[in-house]
file work.tsv (TSV, N, CA and C atoms)
chain	number	residue	atom	x	y	z
A	1	GLN	N	-15.93	7.96	-9.68
A	1	GLN	CA	-14.95	6.94	-10.01
A	1	GLN	C	-13.58	7.39	-9.56
A	2	VAL	N	-12.89	6.52	-8.85
A	2	VAL	CA	-11.54	6.82	-8.36
A	2	VAL	C	-10.54	5.97	-9.14
A	3	GLN	N	-9.50	6.59	-9.59
A	3	GLN	CA	-8.42	5.87	-10.26
A	3	GLN	C	-7.16	5.95	-9.42
A	4	LEU	N	-6.49	4.82	-9.28
A	4	LEU	CA	-5.29	4.72	-8.46
A	4	LEU	C	-4.11	4.35	-9.33
A	5	VAL	N	-3.02	5.08	-9.17
A	5	VAL	CA	-1.81	4.81	-9.94
A	5	VAL	C	-0.65	4.64	-8.97
A	6	GLU	N	-0.08	3.43	-8.97
A	6	GLU	CA	1.04	3.13	-8.08
A	6	GLU	C	2.36	3.36	-8.80
A	7	SER	N	3.39	3.63	-7.99
A	7	SER	CA	4.75	3.75	-8.51
A	7	SER	C	5.73	3.40	-7.42
A	8	GLY	N	6.96	3.08	-7.83
A	8	GLY	CA	8.03	2.88	-6.86
A	8	GLY	C	8.49	1.46	-6.66
A	9	GLY	N	7.87	0.50	-7.30
A	9	GLY	CA	8.33	-0.88	-7.14
A	9	GLY	C	9.65	-1.12	-7.85
A	10	GLY	N	10.20	-2.30	-7.63
A	10	GLY	CA	11.45	-2.65	-8.29
A	10	GLY	C	12.18	-3.76	-7.57
A	11	LEU	N	13.44	-3.91	-7.94
A	11	LEU	CA	14.30	-4.94	-7.37
A	11	LEU	C	15.22	-4.31	-6.32
A	12	VAL	N	15.29	-4.94	-5.16
A	12	VAL	CA	16.15	-4.42	-4.09
A	12	VAL	C	16.77	-5.61	-3.36
A	13	GLN	N	17.96	-5.40	-2.84
A	13	GLN	CA	18.63	-6.45	-2.09
A	13	GLN	C	18.06	-6.55	-0.68
A	14	PRO	N	18.16	-7.71	-0.06
A	14	PRO	CA	17.73	-7.84	1.34
A	14	PRO	C	18.41	-6.79	2.21
A	15	GLY	N	17.61	-6.20	3.10
A	15	GLY	CA	18.10	-5.12	3.95
A	15	GLY	C	17.94	-3.75	3.34
A	16	GLY	N	17.57	-3.69	2.08
A	16	GLY	CA	17.42	-2.41	1.41
A	16	GLY	C	16.07	-1.77	1.66
A	17	SER	N	15.85	-0.64	0.99
A	17	SER	CA	14.62	0.14	1.19
A	17	SER	C	13.99	0.49	-0.16
A	18	LEU	N	12.68	0.65	-0.13
A	18	LEU	CA	11.92	1.15	-1.27
A	18	LEU	C	10.79	2.01	-0.74
A	19	ARG	N	10.35	2.93	-1.58
A	19	ARG	CA	9.19	3.76	-1.23
A	19	ARG	C	8.16	3.66	-2.34
A	20	LEU	N	6.99	3.18	-1.97
A	20	LEU	CA	5.89	3.09	-2.92
A	20	LEU	C	4.98	4.32	-2.77
A	21	SER	N	4.42	4.74	-3.87
A	21	SER	CA	3.48	5.85	-3.85
A	21	SER	C	2.24	5.49	-4.65
A	22	CYS	N	1.13	6.05	-4.24
A	22	CYS	CA	-0.14	5.83	-4.93
A	22	CYS	C	-0.88	7.15	-5.00
A	23	ALA	N	-1.23	7.55	-6.20
A	23	ALA	CA	-1.97	8.78	-6.41
A	23	ALA	C	-3.41	8.45	-6.76
A	24	ALA	N	-4.33	9.08	-6.06
A	24	ALA	CA	-5.76	8.84	-6.28
A	24	ALA	C	-6.39	10.05	-6.96
A	25	SER	N	-6.98	9.82	-8.11
A	25	SER	CA	-7.70	10.88	-8.80
A	25	SER	C	-9.20	10.65	-8.64
A	26	GLY	N	-9.93	11.73	-8.48
A	26	GLY	CA	-11.37	11.61	-8.32
A	26	GLY	C	-11.80	11.21	-6.92
A	27	SER	N	-10.91	11.35	-5.94
A	27	SER	CA	-11.24	10.91	-4.58
A	27	SER	C	-12.09	11.95	-3.86
A	28	SER	N	-12.81	11.48	-2.83
A	28	SER	CA	-13.64	12.37	-2.03
A	28	SER	C	-12.96	12.63	-0.70
A	29	SER	N	-13.64	13.31	0.20
A	29	SER	CA	-12.98	13.86	1.38
A	29	SER	C	-12.60	12.82	2.42
A	30	THR	N	-13.44	11.84	2.69
A	30	THR	CA	-13.12	10.90	3.76
A	30	THR	C	-12.99	9.50	3.18
A	31	ASN	N	-11.87	8.90	3.47
A	31	ASN	CA	-11.61	7.58	2.92
A	31	ASN	C	-10.49	6.89	3.69
A	32	THR	N	-10.35	5.63	3.42
A	32	THR	CA	-9.21	4.86	3.92
A	32	THR	C	-8.40	4.41	2.72
A	33	MET	N	-7.11	4.62	2.81
A	33	MET	CA	-6.21	4.12	1.77
A	33	MET	C	-5.26	3.12	2.40
A	34	ALA	N	-4.86	2.17	1.62
A	34	ALA	CA	-4.05	1.09	2.17
A	34	ALA	C	-3.19	0.46	1.09
A	35	TRP	N	-2.27	-0.36	1.55
A	35	TRP	CA	-1.45	-1.19	0.69
A	35	TRP	C	-1.71	-2.65	1.05
A	36	TYR	N	-2.00	-3.42	0.04
A	36	TYR	CA	-2.09	-4.87	0.16
A	36	TYR	C	-0.98	-5.46	-0.69
A	37	ARG	N	-0.69	-6.72	-0.45
A	37	ARG	CA	0.29	-7.41	-1.29
A	37	ARG	C	-0.15	-8.84	-1.52
A	38	GLN	N	0.32	-9.37	-2.64
A	38	GLN	CA	0.02	-10.75	-2.98
A	38	GLN	C	1.26	-11.40	-3.55
A	39	ALA	N	1.78	-12.36	-2.82
A	39	ALA	CA	2.92	-13.12	-3.29
A	39	ALA	C	2.43	-14.29	-4.15
A	40	ALA	N	3.32	-14.82	-4.95
A	40	ALA	CA	2.97	-15.91	-5.84
A	40	ALA	C	2.40	-17.09	-5.05
A	41	GLY	N	1.22	-17.55	-5.44
A	41	GLY	CA	0.61	-18.70	-4.80
A	41	GLY	C	-0.03	-18.42	-3.45
A	42	LYS	N	-0.10	-17.16	-3.06
A	42	LYS	CA	-0.66	-16.81	-1.76
A	42	LYS	C	-1.83	-15.86	-1.93
A	43	ARG	N	-2.61	-15.72	-0.84
A	43	ARG	CA	-3.73	-14.81	-0.86
A	43	ARG	C	-3.26	-13.37	-0.67
A	44	ARG	N	-4.06	-12.45	-1.18
A	44	ARG	CA	-3.76	-11.04	-0.98
A	44	ARG	C	-3.93	-10.72	0.51
A	45	GLU	N	-3.00	-9.94	1.05
A	45	GLU	CA	-3.04	-9.61	2.47
A	45	GLU	C	-2.82	-8.13	2.69
A	46	LEU	N	-3.40	-7.63	3.78
A	46	LEU	CA	-3.20	-6.24	4.14
A	46	LEU	C	-1.78	-6.03	4.65
A	47	VAL	N	-1.15	-4.96	4.17
A	47	VAL	CA	0.17	-4.57	4.66
A	47	VAL	C	0.04	-3.42	5.65
A	48	ALA	N	-0.61	-2.35	5.21
A	48	ALA	CA	-0.78	-1.18	6.06
A	48	ALA	C	-1.92	-0.34	5.53
A	49	ALA	N	-2.62	0.32	6.45
A	49	ALA	CA	-3.74	1.17	6.08
A	49	ALA	C	-3.66	2.48	6.86
A	50	ILE	N	-4.27	3.52	6.27
A	50	ILE	CA	-4.29	4.82	6.92
A	50	ILE	C	-5.57	5.53	6.53
A	51	THR	N	-6.23	6.12	7.54
A	51	THR	CA	-7.45	6.85	7.29
A	51	THR	C	-7.15	8.31	6.95
A	52	THR	N	-8.18	9.02	6.55
A	52	THR	CA	-8.03	10.45	6.27
A	52	THR	C	-7.52	11.17	7.51
A	53	GLY	N	-7.96	10.72	8.68
A	53	GLY	CA	-7.54	11.35	9.92
A	53	GLY	C	-6.17	10.95	10.40
A	54	GLY	N	-5.55	9.98	9.73
A	54	GLY	CA	-4.19	9.60	10.07
A	54	GLY	C	-4.06	8.35	10.93
A	55	SER	N	-5.15	7.69	11.24
A	55	SER	CA	-5.06	6.45	12.00
A	55	SER	C	-4.47	5.36	11.11
A	56	THR	N	-3.55	4.58	11.69
A	56	THR	CA	-2.86	3.57	10.91
A	56	THR	C	-3.06	2.17	11.48
A	57	ASN	N	-2.82	1.19	10.62
A	57	ASN	CA	-2.92	-0.21	11.00
A	57	ASN	C	-1.89	-0.96	10.17
A	58	TYR	N	-1.13	-1.86	10.80
A	58	TYR	CA	-0.08	-2.59	10.11
A	58	TYR	C	-0.21	-4.09	10.32
A	59	ALA	N	0.21	-4.85	9.34
A	59	ALA	CA	0.37	-6.28	9.52
A	59	ALA	C	1.52	-6.51	10.49
A	60	ASP	N	1.40	-7.55	11.31
A	60	ASP	CA	2.46	-7.83	12.28
A	60	ASP	C	3.81	-8.04	11.60
A	61	SER	N	3.79	-8.60	10.42
A	61	SER	CA	5.04	-8.95	9.74
A	61	SER	C	5.84	-7.74	9.28
A	62	VAL	N	5.21	-6.56	9.23
A	62	VAL	CA	5.92	-5.38	8.75
A	62	VAL	C	6.08	-4.31	9.81
A	63	LYS	N	5.52	-4.51	10.98
A	63	LYS	CA	5.63	-3.52	12.05
A	63	LYS	C	7.09	-3.25	12.38
A	64	GLY	N	7.41	-1.97	12.48
A	64	GLY	CA	8.79	-1.59	12.78
A	64	GLY	C	9.67	-1.47	11.56
A	65	ARG	N	9.20	-1.94	10.41
A	65	ARG	CA	9.99	-1.85	9.18
A	65	ARG	C	9.32	-0.97	8.12
A	66	PHE	N	8.01	-1.00	8.07
A	66	PHE	CA	7.26	-0.24	7.07
A	66	PHE	C	6.52	0.91	7.75
A	67	THR	N	6.39	2.01	7.02
A	67	THR	CA	5.64	3.17	7.50
A	67	THR	C	4.71	3.66	6.39
A	68	VAL	N	3.43	3.76	6.72
A	68	VAL	CA	2.45	4.29	5.76
A	68	VAL	C	2.18	5.75	6.12
A	69	SER	N	2.06	6.57	5.10
A	69	SER	CA	1.77	7.99	5.30
A	69	SER	C	0.90	8.47	4.14
A	70	ARG	N	0.32	9.64	4.32
A	70	ARG	CA	-0.51	10.17	3.25
A	70	ARG	C	-0.46	11.68	3.23
A	71	ASP	N	-0.75	12.23	2.07
A	71	ASP	CA	-0.87	13.67	1.87
A	71	ASP	C	-2.29	13.90	1.38
A	72	ASN	N	-3.16	14.36	2.26
A	72	ASN	CA	-4.57	14.52	1.88
A	72	ASN	C	-4.76	15.59	0.81
A	73	ALA	N	-3.94	16.61	0.84
A	73	ALA	CA	-4.07	17.68	-0.15
A	73	ALA	C	-3.77	17.18	-1.56
A	74	LYS	N	-2.85	16.20	-1.65
A	74	LYS	CA	-2.46	15.66	-2.95
A	74	LYS	C	-3.11	14.31	-3.24
A	75	ASN	N	-3.93	13.83	-2.30
A	75	ASN	CA	-4.60	12.53	-2.47
A	75	ASN	C	-3.61	11.43	-2.81
A	76	THR	N	-2.54	11.39	-2.04
A	76	THR	CA	-1.52	10.36	-2.25
A	76	THR	C	-1.26	9.60	-0.96
A	77	VAL	N	-0.85	8.37	-1.10
A	77	VAL	CA	-0.45	7.55	0.03
A	77	VAL	C	0.90	6.93	-0.31
A	78	HIS	N	1.75	6.82	0.70
A	78	HIS	CA	3.08	6.29	0.51
A	78	HIS	C	3.32	5.12	1.45
A	79	LEU	N	4.22	4.25	1.04
A	79	LEU	CA	4.64	3.15	1.90
A	79	LEU	C	6.16	3.11	1.89
A	80	GLN	N	6.76	3.51	2.99
A	80	GLN	CA	8.21	3.45	3.12
A	80	GLN	C	8.56	2.08	3.68
A	81	MET	N	9.33	1.33	2.93
A	81	MET	CA	9.68	-0.03	3.32
A	81	MET	C	11.17	-0.12	3.57
A	82	ASN	N	11.53	-0.41	4.80
A	82	ASN	CA	12.93	-0.53	5.19
A	82	ASN	C	13.24	-1.96	5.61
A	83	ASN	N	14.51	-2.28	5.62
A	83	ASN	CA	14.97	-3.61	6.02
A	83	ASN	C	14.15	-4.70	5.31
A	84	LEU	N	14.08	-4.58	4.02
A	84	LEU	CA	13.27	-5.52	3.25
A	84	LEU	C	13.85	-6.92	3.29
A	85	LYS	N	12.93	-7.89	3.26
A	85	LYS	CA	13.30	-9.30	3.33
A	85	LYS	C	12.77	-10.02	2.08
A	86	PRO	N	13.37	-11.14	1.74
A	86	PRO	CA	12.86	-11.89	0.58
A	86	PRO	C	11.36	-12.20	0.69
A	87	ASP	N	10.87	-12.42	1.91
A	87	ASP	CA	9.44	-12.71	2.10
A	87	ASP	C	8.55	-11.52	1.78
A	88	ASP	N	9.13	-10.34	1.61
A	88	ASP	CA	8.35	-9.16	1.22
A	88	ASP	C	8.10	-9.11	-0.29
A	89	THR	N	8.72	-10.02	-1.02
A	89	THR	CA	8.53	-10.06	-2.47
A	89	THR	C	7.07	-10.34	-2.79
A	90	ALA	N	6.48	-9.45	-3.58
A	90	ALA	CA	5.05	-9.57	-3.91
A	90	ALA	C	4.67	-8.45	-4.86
A	91	VAL	N	3.47	-8.56	-5.38
A	91	VAL	CA	2.85	-7.42	-6.08
A	91	VAL	C	2.10	-6.63	-5.01
A	92	TYR	N	2.39	-5.35	-4.95
A	92	TYR	CA	1.78	-4.47	-3.97
A	92	TYR	C	0.68	-3.66	-4.65
A	93	TYR	N	-0.50	-3.67	-4.02
A	93	TYR	CA	-1.67	-3.02	-4.58
A	93	TYR	C	-2.12	-1.87	-3.69
A	94	CYS	N	-2.43	-0.77	-4.32
A	94	CYS	CA	-3.03	0.36	-3.61
A	94	CYS	C	-4.53	0.11	-3.50
A	95	TYR	N	-5.08	0.48	-2.36
A	95	TYR	CA	-6.50	0.24	-2.03
A	95	TYR	C	-7.09	1.55	-1.54
A	96	TYR	N	-8.33	1.76	-1.96
A	96	TYR	CA	-9.05	2.97	-1.54
A	96	TYR	C	-10.47	2.57	-1.21
A	97	LYS	N	-10.94	3.00	-0.03
A	97	LYS	CA	-12.32	2.76	0.34
A	97	LYS	C	-12.97	4.06	0.76
A	98	HIS	N	-14.06	4.40	0.09
A	98	HIS	CA	-14.83	5.59	0.45
A	98	HIS	C	-15.52	5.33	1.78
A	99	THR	N	-15.37	6.23	2.72
A	99	THR	CA	-15.87	6.01	4.07
A	99	THR	C	-17.37	5.85	4.14
A	100	THR	N	-18.10	6.69	3.41
A	100	THR	CA	-19.55	6.69	3.53
A	100	THR	C	-20.20	5.53	2.78
A	101	SER	N	-19.77	5.32	1.53
A	101	SER	CA	-20.41	4.31	0.69
A	101	SER	C	-19.77	2.93	0.79
A	102	ASN	N	-18.56	2.87	1.34
A	102	ASN	CA	-17.78	1.63	1.40
A	102	ASN	C	-17.42	1.07	0.03
A	103	VAL	N	-17.52	1.88	-0.99
A	103	VAL	CA	-17.07	1.44	-2.32
A	103	VAL	C	-15.54	1.34	-2.30
A	104	VAL	N	-15.03	0.27	-2.89
A	104	VAL	CA	-13.59	-0.01	-2.88
A	104	VAL	C	-13.03	0.05	-4.29
A	105	TYR	N	-11.85	0.63	-4.38
A	105	TYR	CA	-11.13	0.67	-5.64
A	105	TYR	C	-9.73	0.09	-5.43
A	106	TRP	N	-9.19	-0.50	-6.50
A	106	TRP	CA	-7.86	-1.10	-6.44
A	106	TRP	C	-6.99	-0.53	-7.56
A	107	GLY	N	-5.71	-0.37	-7.25
A	107	GLY	CA	-4.75	-0.07	-8.30
A	107	GLY	C	-4.37	-1.33	-9.04
A	108	LYS	N	-3.55	-1.18	-10.08
A	108	LYS	CA	-3.16	-2.33	-10.89
A	108	LYS	C	-2.01	-3.12	-10.28
A	109	GLY	N	-1.32	-2.53	-9.32
A	109	GLY	CA	-0.24	-3.23	-8.64
A	109	GLY	C	1.13	-2.85	-9.15
A	110	THR	N	2.10	-2.96	-8.25
A	110	THR	CA	3.49	-2.74	-8.61
A	110	THR	C	4.34	-3.83	-7.95
A	111	LEU	N	5.26	-4.39	-8.71
A	111	LEU	CA	6.03	-5.53	-8.24
A	111	LEU	C	7.23	-5.09	-7.42
A	112	VAL	N	7.35	-5.71	-6.26
A	112	VAL	CA	8.52	-5.53	-5.41
A	112	VAL	C	9.23	-6.88	-5.30
A	113	THR	N	10.50	-6.89	-5.67
A	113	THR	CA	11.29	-8.12	-5.60
A	113	THR	C	12.48	-7.87	-4.70
A	114	VAL	N	12.60	-8.69	-3.65
A	114	VAL	CA	13.71	-8.58	-2.72
A	114	VAL	C	14.59	-9.81	-2.92
A	115	SER	N	15.75	-9.58	-3.48
A	115	SER	CA	16.63	-10.70	-3.82
A	115	SER	C	18.06	-10.21	-3.96
A	116	SER	N	18.98	-11.10	-3.61
A	116	SER	CA	20.40	-10.79	-3.79
A	116	SER	C	20.90	-11.31	-5.13

call {"tool": "encode", "arguments": {"input": "work.tsv", "output": "structure tokens"}}
result
Amino acid sequence: QVQLVESGGGLVQPGGSLRLSCAASGSSSTNTMAWYRQAAGKRRELVAAITTGGSTNYADSVKGRFTVSRDNAKNTVHLQMNNLKPDDTAVYYCYYKHTTSNVVYWGKGTLVTVSS
């Protein structure tokens, strides 16, 4: 069983920055971790993903503004969000998928609000 704990959400003005972190306890050696987000009235969407080996994937809407990184030794994943826009307002969820079994775990989410 993997437990995910997110931190770092909050209120920020347009153009500002935030850094989200997610700590995974009980994780195994090979996995993919990612950030998804869900805005009010919209479907949950992938923001950025990173494998154990460091391969990354980003939504077009955040390319050039967001950076996903991970520390395999600490089983953590981070999302550095720069030049935030009101459209980035959403609950951000940490995602973990075990590579071999494809079992997926979700964090409880952290709210990011971009507003002046």

call {"tool": "select_by_dssp", "arguments": {"input": "work.tsv", "residues": "region 33-66 of chain A", "states": "strand (DSSP E or B)", "output": "PyMOL selection string"}}
result
chain A and resi 33-38+45-51+56-58+66

call {"tool": "residues_around", "arguments": {"input": "work.tsv", "residues": "region 91-102 of chain A", "least_positions_apart": "4", "cutoff": "6 Å", "atoms": "all atoms listed in the file", "output": "PyMOL selection string"}}
result
chain A and resi 30-39+106-112

call {"tool": "residues_near_point", "arguments": {"input": "work.tsv", "point": "(-5.4, 9.4, 4.4)", "cutoff": "6.5 Å", "atoms": "all atoms listed in the file", "output": "PyMOL selection string"}}
result
chain A and resi 31-33+50-54+69-72

call {"tool": "write_last_selection", "arguments": {"input": "work.tsv", "atoms": "N, CA and C atoms", "output": "PDB file, in the frame of the given file"}}
result
ATOM      1  N   ASN A  31     -11.870   8.900   3.470  1.00  0.00           N
ATOM      2  CA  ASN A  31     -11.610   7.580   2.920  1.00  0.00           C
ATOM      3  C   ASN A  31     -10.490   6.890   3.690  1.00  0.00           C
ATOM      4  N   THR A  32     -10.350   5.630   3.420  1.00  0.00           N
ATOM      5  CA  THR A  32      -9.210   4.860   3.920  1.00  0.00           C
ATOM      6  C   THR A  32      -8.400   4.410   2.720  1.00  0.00           C
ATOM      7  N   MET A  33      -7.110   4.620   2.810  1.00  0.00           N
ATOM      8  CA  MET A  33      -6.210   4.120   1.770  1.00  0.00           C
ATOM      9  C   MET A  33      -5.260   3.120   2.400  1.00  0.00           C
ATOM     10  N   ILE A  50      -4.270   3.520   6.270  1.00  0.00           N
ATOM     11  CA  ILE A  50      -4.290   4.820   6.920  1.00  0.00           C
ATOM     12  C   ILE A  50      -5.570   5.530   6.530  1.00  0.00           C
ATOM     13  N   THR A  51      -6.230   6.120   7.540  1.00  0.00           N
ATOM     14  CA  THR A  51      -7.450   6.850   7.290  1.00  0.00           C
ATOM     15  C   THR A  51      -7.150   8.310   6.950  1.00  0.00           C
ATOM     16  N   THR A  52      -8.180   9.020   6.550  1.00  0.00           N
ATOM     17  CA  THR A  52      -8.030  10.450   6.270  1.00  0.00           C
ATOM     18  C   THR A  52      -7.520  11.170   7.510  1.00  0.00           C
ATOM     19  N   GLY A  53      -7.960  10.720   8.680  1.00  0.00           N
ATOM     20  CA  GLY A  53      -7.540  11.350   9.920  1.00  0.00           C
ATOM     21  C   GLY A  53      -6.170  10.950  10.400  1.00  0.00           C
ATOM     22  N   GLY A  54      -5.550   9.980   9.730  1.00  0.00           N
ATOM     23  CA  GLY A  54      -4.190   9.600  10.070  1.00  0.00           C
ATOM     24  C   GLY A  54      -4.060   8.350  10.930  1.00  0.00           C
ATOM     25  N   SER A  69       2.060   6.570   5.100  1.00  0.00           N
ATOM     26  CA  SER A  69       1.770   7.990   5.300  1.00  0.00           C
ATOM     27  C   SER A  69       0.900   8.470   4.140  1.00  0.00           C
ATOM     28  N   ARG A  70       0.320   9.640   4.320  1.00  0.00           N
ATOM     29  CA  ARG A  70      -0.510  10.170   3.250  1.00  0.00           C
ATOM     30  C   ARG A  70      -0.460  11.680   3.230  1.00  0.00           C
ATOM     31  N   ASP A  71      -0.750  12.230   2.070  1.00  0.00           N
ATOM     32  CA  ASP A  71      -0.870  13.670   1.870  1.00  0.00           C
ATOM     33  C   ASP A  71      -2.290  13.900   1.380  1.00  0.00           C
ATOM     34  N   ASN A  72      -3.160  14.360   2.260  1.00  0.00           N
ATOM     35  CA  ASN A  72      -4.570  14.520   1.880  1.00  0.00           C
ATOM     36  C   ASN A  72      -4.760  15.590   0.810  1.00  0.00           C
TER      37      ASN A  72
END

call {"tool": "atom_distance", "arguments": {"input": "work.tsv", "atom1": "CA of Gln1 (chain A)", "atom2": "CA of Cys22 (chain A)"}}
result
15.7 Å

call {"tool": "atom_distance", "arguments": {"input": "work.tsv", "atom1": "CA of Asn83 (chain A)", "atom2": "CA of Arg19 (chain A)"}}
result
11.8 Å

call {"tool": "residues_around", "arguments": {"input": "work.tsv", "residues": "Asn57 (chain A)", "least_positions_apart": "2", "cutoff": "10 Å", "atoms": "only C-alpha atoms", "output": "PDB file with N, CA and C atoms, in the coordinates of the input"}}
result
ATOM      1  N   ALA A  34      -4.860   2.170   1.620  1.00  0.00           N
ATOM      2  CA  ALA A  34      -4.050   1.090   2.170  1.00  0.00           C
ATOM      3  C   ALA A  34      -3.190   0.460   1.090  1.00  0.00           C
ATOM      4  N   LEU A  46      -3.400  -7.630   3.780  1.00  0.00           N
ATOM      5  CA  LEU A  46      -3.200  -6.240   4.140  1.00  0.00           C
ATOM      6  C   LEU A  46      -1.780  -6.030   4.650  1.00  0.00           C
ATOM      7  N   VAL A  47      -1.150  -4.960   4.170  1.00  0.00           N
ATOM      8  CA  VAL A  47       0.170  -4.570   4.660  1.00  0.00           C
ATOM      9  C   VAL A  47       0.040  -3.420   5.650  1.00  0.00           C
ATOM     10  N   ALA A  48      -0.610  -2.350   5.210  1.00  0.00           N
ATOM     11  CA  ALA A  48      -0.780  -1.180   6.060  1.00  0.00           C
ATOM     12  C   ALA A  48      -1.920  -0.340   5.530  1.00  0.00           C
ATOM     13  N   ALA A  49      -2.620   0.320   6.450  1.00  0.00           N
ATOM     14  CA  ALA A  49      -3.740   1.170   6.080  1.00  0.00           C
ATOM     15  C   ALA A  49      -3.660   2.480   6.860  1.00  0.00           C
ATOM     16  N   ILE A  50      -4.270   3.520   6.270  1.00  0.00           N
ATOM     17  CA  ILE A  50      -4.290   4.820   6.920  1.00  0.00           C
ATOM     18  C   ILE A  50      -5.570   5.530   6.530  1.00  0.00           C
ATOM     19  N   THR A  51      -6.230   6.120   7.540  1.00  0.00           N
ATOM     20  CA  THR A  51      -7.450   6.850   7.290  1.00  0.00           C
ATOM     21  C   THR A  51      -7.150   8.310   6.950  1.00  0.00           C
ATOM     22  N   GLY A  54      -5.550   9.980   9.730  1.00  0.00           N
ATOM     23  CA  GLY A  54      -4.190   9.600  10.070  1.00  0.00           C
ATOM     24  C   GLY A  54      -4.060   8.350  10.930  1.00  0.00           C
ATOM     25  N   SER A  55      -5.150   7.690  11.240  1.00  0.00           N
ATOM     26  CA  SER A  55      -5.060   6.450  12.000  1.00  0.00           C
ATOM     27  C   SER A  55      -4.470   5.360  11.110  1.00  0.00           C
ATOM     28  N   ALA A  59       0.210  -4.850   9.340  1.00  0.00           N
ATOM     29  CA  ALA A  59       0.370  -6.280   9.520  1.00  0.00           C
ATOM     30  C   ALA A  59       1.520  -6.510  10.490  1.00  0.00           C
ATOM     31  N   ASP A  60       1.400  -7.550  11.310  1.00  0.00           N
ATOM     32  CA  ASP A  60       2.460  -7.830  12.280  1.00  0.00           C
ATOM     33  C   ASP A  60       3.810  -8.040  11.600  1.00  0.00           C
ATOM     34  N   LYS A  63       5.520  -4.510  10.980  1.00  0.00           N
ATOM     35  CA  LYS A  63       5.630  -3.520  12.050  1.00  0.00           C
ATOM     36  C   LYS A  63       7.090  -3.250  12.380  1.00  0.00           C
ATOM     37  N   THR A  67       6.390   2.010   7.020  1.00  0.00           N
ATOM     38  CA  THR A  67       5.640   3.170   7.500  1.00  0.00           C
ATOM     39  C   THR A  67       4.710   3.660   6.390  1.00  0.00           C
ATOM     40  N   VAL A  68       3.430   3.760   6.720  1.00  0.00           N
ATOM     41  CA  VAL A  68       2.450   4.290   5.760  1.00  0.00           C
ATOM     42  C   VAL A  68       2.180   5.750   6.120  1.00  0.00           C
TER      43      VAL A  68
END

call {"tool": "atom_distance", "arguments": {"input": "work.tsv", "atom1": "CA of Ser17 (chain A)", "atom2": "CA of Leu84 (chain A)"}}
result
6.2 Å

call {"tool": "select_by_dssp", "arguments": {"input": "work.tsv", "residues": "chain A", "states": "helix (DSSP H, G or I)", "output": "NGL selection string"}}
result
:A and (60-62 or 86-88)

call {"tool": "axis_aligned_box", "arguments": {"input": "work.tsv", "around": "region 96-109 of chain A", "padding_each_side": "3 Å", "output": "JSON"}}
result
{"center_x": -9.6, "center_y": 1.7, "center_z": -3.4, "size_x": 27.5, "size_y": 15.9, "size_z": 21.0}

call {"tool": "closest_residue", "arguments": {"input": "work.tsv", "among": "A:Leu18, A:Val103, A:Gly9, A:Ala24", "to": "Val77 (chain A)", "atoms": "all atoms listed in the file"}}
result
A:Ala24

call {"tool": "residues_around", "arguments": {"input": "work.tsv", "residues": "Ala23 (chain A)", "least_positions_apart": "2", "cutoff": "8 Å", "atoms": "only C-alpha atoms", "output": "mmCIF file with N, CA and C atoms, keeping the file's coordinate frame"}}
result
data_model
loop_
_atom_site.group_PDB
_atom_site.id
_atom_site.type_symbol
_atom_site.label_atom_id
_atom_site.label_comp_id
_atom_site.auth_asym_id
_atom_site.auth_seq_id
_atom_site.Cartn_x
_atom_site.Cartn_y
_atom_site.Cartn_z
ATOM 1 N N LEU A 4 -6.490 4.820 -9.280
ATOM 2 C CA LEU A 4 -5.290 4.720 -8.460
ATOM 3 C C LEU A 4 -4.110 4.350 -9.330
ATOM 4 N N VAL A 5 -3.020 5.080 -9.170
ATOM 5 C CA VAL A 5 -1.810 4.810 -9.940
ATOM 6 C C VAL A 5 -0.650 4.640 -8.970
ATOM 7 N N GLU A 6 -0.080 3.430 -8.970
ATOM 8 C CA GLU A 6 1.040 3.130 -8.080
ATOM 9 C C GLU A 6 2.360 3.360 -8.800
ATOM 10 N N SER A 21 4.420 4.740 -3.870
ATOM 11 C CA SER A 21 3.480 5.850 -3.850
ATOM 12 C C SER A 21 2.240 5.490 -4.650
ATOM 13 N N SER A 25 -6.980 9.820 -8.110
ATOM 14 C CA SER A 25 -7.700 10.880 -8.800
ATOM 15 C C SER A 25 -9.200 10.650 -8.640
ATOM 16 N N LYS A 74 -2.850 16.200 -1.650
ATOM 17 C CA LYS A 74 -2.460 15.660 -2.950
ATOM 18 C C LYS A 74 -3.110 14.310 -3.240
ATOM 19 N N ASN A 75 -3.930 13.830 -2.300
ATOM 20 C CA ASN A 75 -4.600 12.530 -2.470
ATOM 21 C C ASN A 75 -3.610 11.430 -2.810
ATOM 22 N N THR A 76 -2.540 11.390 -2.040
ATOM 23 C CA THR A 76 -1.520 10.360 -2.250
ATOM 24 C C THR A 76 -1.260 9.600 -0.960
ATOM 25 N N VAL A 77 -0.850 8.370 -1.100
ATOM 26 C CA VAL A 77 -0.450 7.550 0.030
ATOM 27 C C VAL A 77 0.900 6.930 -0.310
#
